[in-house]
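Beneath this line is the structure, given in structure tokens, with notes to follow.
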Amino acid sequence: MSNFVIAQNKDCPVMTPILNITKLVKIFIECDDFCQKLHSHLLANDLHLEQVGTMAESEMMSIVIFYHHSGFKCFKYYYECIILGRLRNYFPAVLSYSRSVNLMKKLQLSLFTFLACCWLAWATEGNFIDATKLVVCHNKRIKDHKVFKAFAKRGKSSTGWFFGFKLHAVINQYGQLVIFNFTKGNVTNNNPDLLQNITKRLNGFLFGDAGYITSLKQKFSQRGLELITKLRENMKPIDLTPLQKHYLRQHRGLIESAFSLMKNHCDIDHSRHRSPQNFLINLWSGLIAYSFLDTFPTMPMYIHKMSKSEIDKIVLI
């Protein structure tokens, strides 16, 4: 995350991150290529996407994704001081802030398709599953909250009760996002429908905490997916191979680090949304920005240490 270096901005008298223009160009190229393929596919099937205004759709997508990648925490400041200021030459047809916010809701389908089709990685031998809360308001303001009143639910995490949603995610051993699901806050981690949906294209090892203990474990094993979870205190220990123990020992820190980057750097979680559409756009673009990071949290490579009996067999041979 070399672009998150604090420096003085000449346009505004506050401290802002240094902008990685090379990354902005890369994001735009990827968005533009995707939009061209998407529109050609829709035209071939006599379908059309609603226009987002005089700006190109790929430009608006690039602006939103680069905001989450750059480390800014205020979109209005980012748009007025950076996009309309320092980066004005990169967006000659840029809209005003109020106009862009009004048109941004039309990007929801394109951003979700871009994320689901282009930025989900392949599963590896070892994969890790967990969920993180997405809070939409403080617990004391639940009764007065109106934006997500019909959608959000109260749930409980390891840090206590919250009001909002849950992001369920699977990452591979390289820290890349493999698959995700988005539910209300009261959906448990081992919900059968959720687990079957989020694991339907996975195989190999899938490691989770004790919240993923489920009766579907044998069913998963029959199709090549080994779900390995931490045990509760009243459960009997199970025999694990050295490789499984290595993955299981490291998995909590790995996926928690990924969630920390998504929340603290890519800003997928805040409680200032004014509409459900903006919430989803913020979530999709934040997950895409995470996929554009230069480095991901990874675990050390497993190196098998031979026992004395294995060494003796090699010597005898």
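Identifiers in the structure tokens: chain A, B, ... in order shown; residue index from 1 per chain; ligand index from 1 in order shown.
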Closest-contact table, range 57-157 of chain A side, partner range 164-175 of chain A, 9 Å, counting only C-alpha atoms, as CSV:
```
residue,atom,partner,partner_atom,distance
A:Ala121,CA,A:Asn172,CA,7.9
A:Trp122,CA,A:Asn172,CA,7.6
A:Ala123,CA,A:Asn172,CA,5.6
A:Thr124,CA,A:Asn172,CA,5.7
A:Glu125,CA,A:Gln173,CA,7.8
A:Gly126,CA,A:Gln173,CA,5.8
A:Asn127,CA,A:Asn172,CA,4.3
A:Phe128,CA,A:Ile171,CA,5.4
A:Ile129,CA,A:Val170,CA,4.4
A:Asp130,CA,A:Ala169,CA,5.9
A:Ala131,CA,A:His168,CA,4.2
A:Thr132,CA,A:Leu167,CA,5.4
A:Lys133,CA,A:Lys166,CA,4.6
A:Leu134,CA,A:Phe165,CA,5.0
A:Val135,CA,A:Gly164,CA,4.6
A:Val136,CA,A:Gly164,CA,5.1
A:Cys137,CA,A:Gly164,CA,7.3
A:Phe148,CA,A:Gly164,CA,7.9
A:Phe151,CA,A:Gly164,CA,8.2
A:Ala152,CA,A:Gly164,CA,4.6
A:Lys153,CA,A:Gly164,CA,5.5
A:Arg154,CA,A:Gly164,CA,6.3
A:Gly155,CA,A:Gly164,CA,7.4
```
Practice item. Might you pull out every residue within 12 Å of Cys266 in chain A, with only C-alpha atoms counted and same-chain residues fewer than 4 positions away left off, and present them as a ChimeraX atom specification? Key: /A:1,4,64-74,258-262,270,282-293
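CA of Asn139 in chain A is found 23.4 Å from CA of Gly211 in chain A.
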| request: Once DSSP has gone over the backbone, tell me which residues of range 43-247 of chain A are in helix (DSSP H, G or I), as number ranges by chain. | output: A: 43-44, 57-70, 75-86, 88-90, 97-118, 139-141, 192-198, 210-212, 217-222, 242-247
Item to check | Among the residues A:Leu115, A:Leu107, A:Ala150, A:Leu24, the one that comes closest to Phe91 in chain A [using only C-alpha atoms] | outcome: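 Of all the options, A:Leu24 lies closest to Phe91 in chain A.
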Range 192-198 of chain A environment, 8 Å, only C-alpha atoms, sequence neighbours closer than 6 positions dropped, as a ChimeraX atom specification: /A:179-181,214,216
Suppose we keep C-alpha atoms; can you now write the selection as a short mmCIF file (atom, residue, chain, number, x, y, z; two decimals), in the first residue's frame?
```cif
data_model
loop_
_atom_site.label_atom_id
_atom_site.label_comp_id
_atom_site.auth_asym_id
_atom_site.auth_seq_id
_atom_site.Cartn_x
_atom_site.Cartn_y
_atom_site.Cartn_z
CA ILE A 179 -16.20 -15.67 -3.03
CA PHE A 180 -18.44 -13.51 -0.85
CA ASN A 181 -22.01 -13.30 0.36
CA THR A 214 -22.34 -27.89 10.83
CA LEU A 216 -23.21 -30.58 6.31
#
```
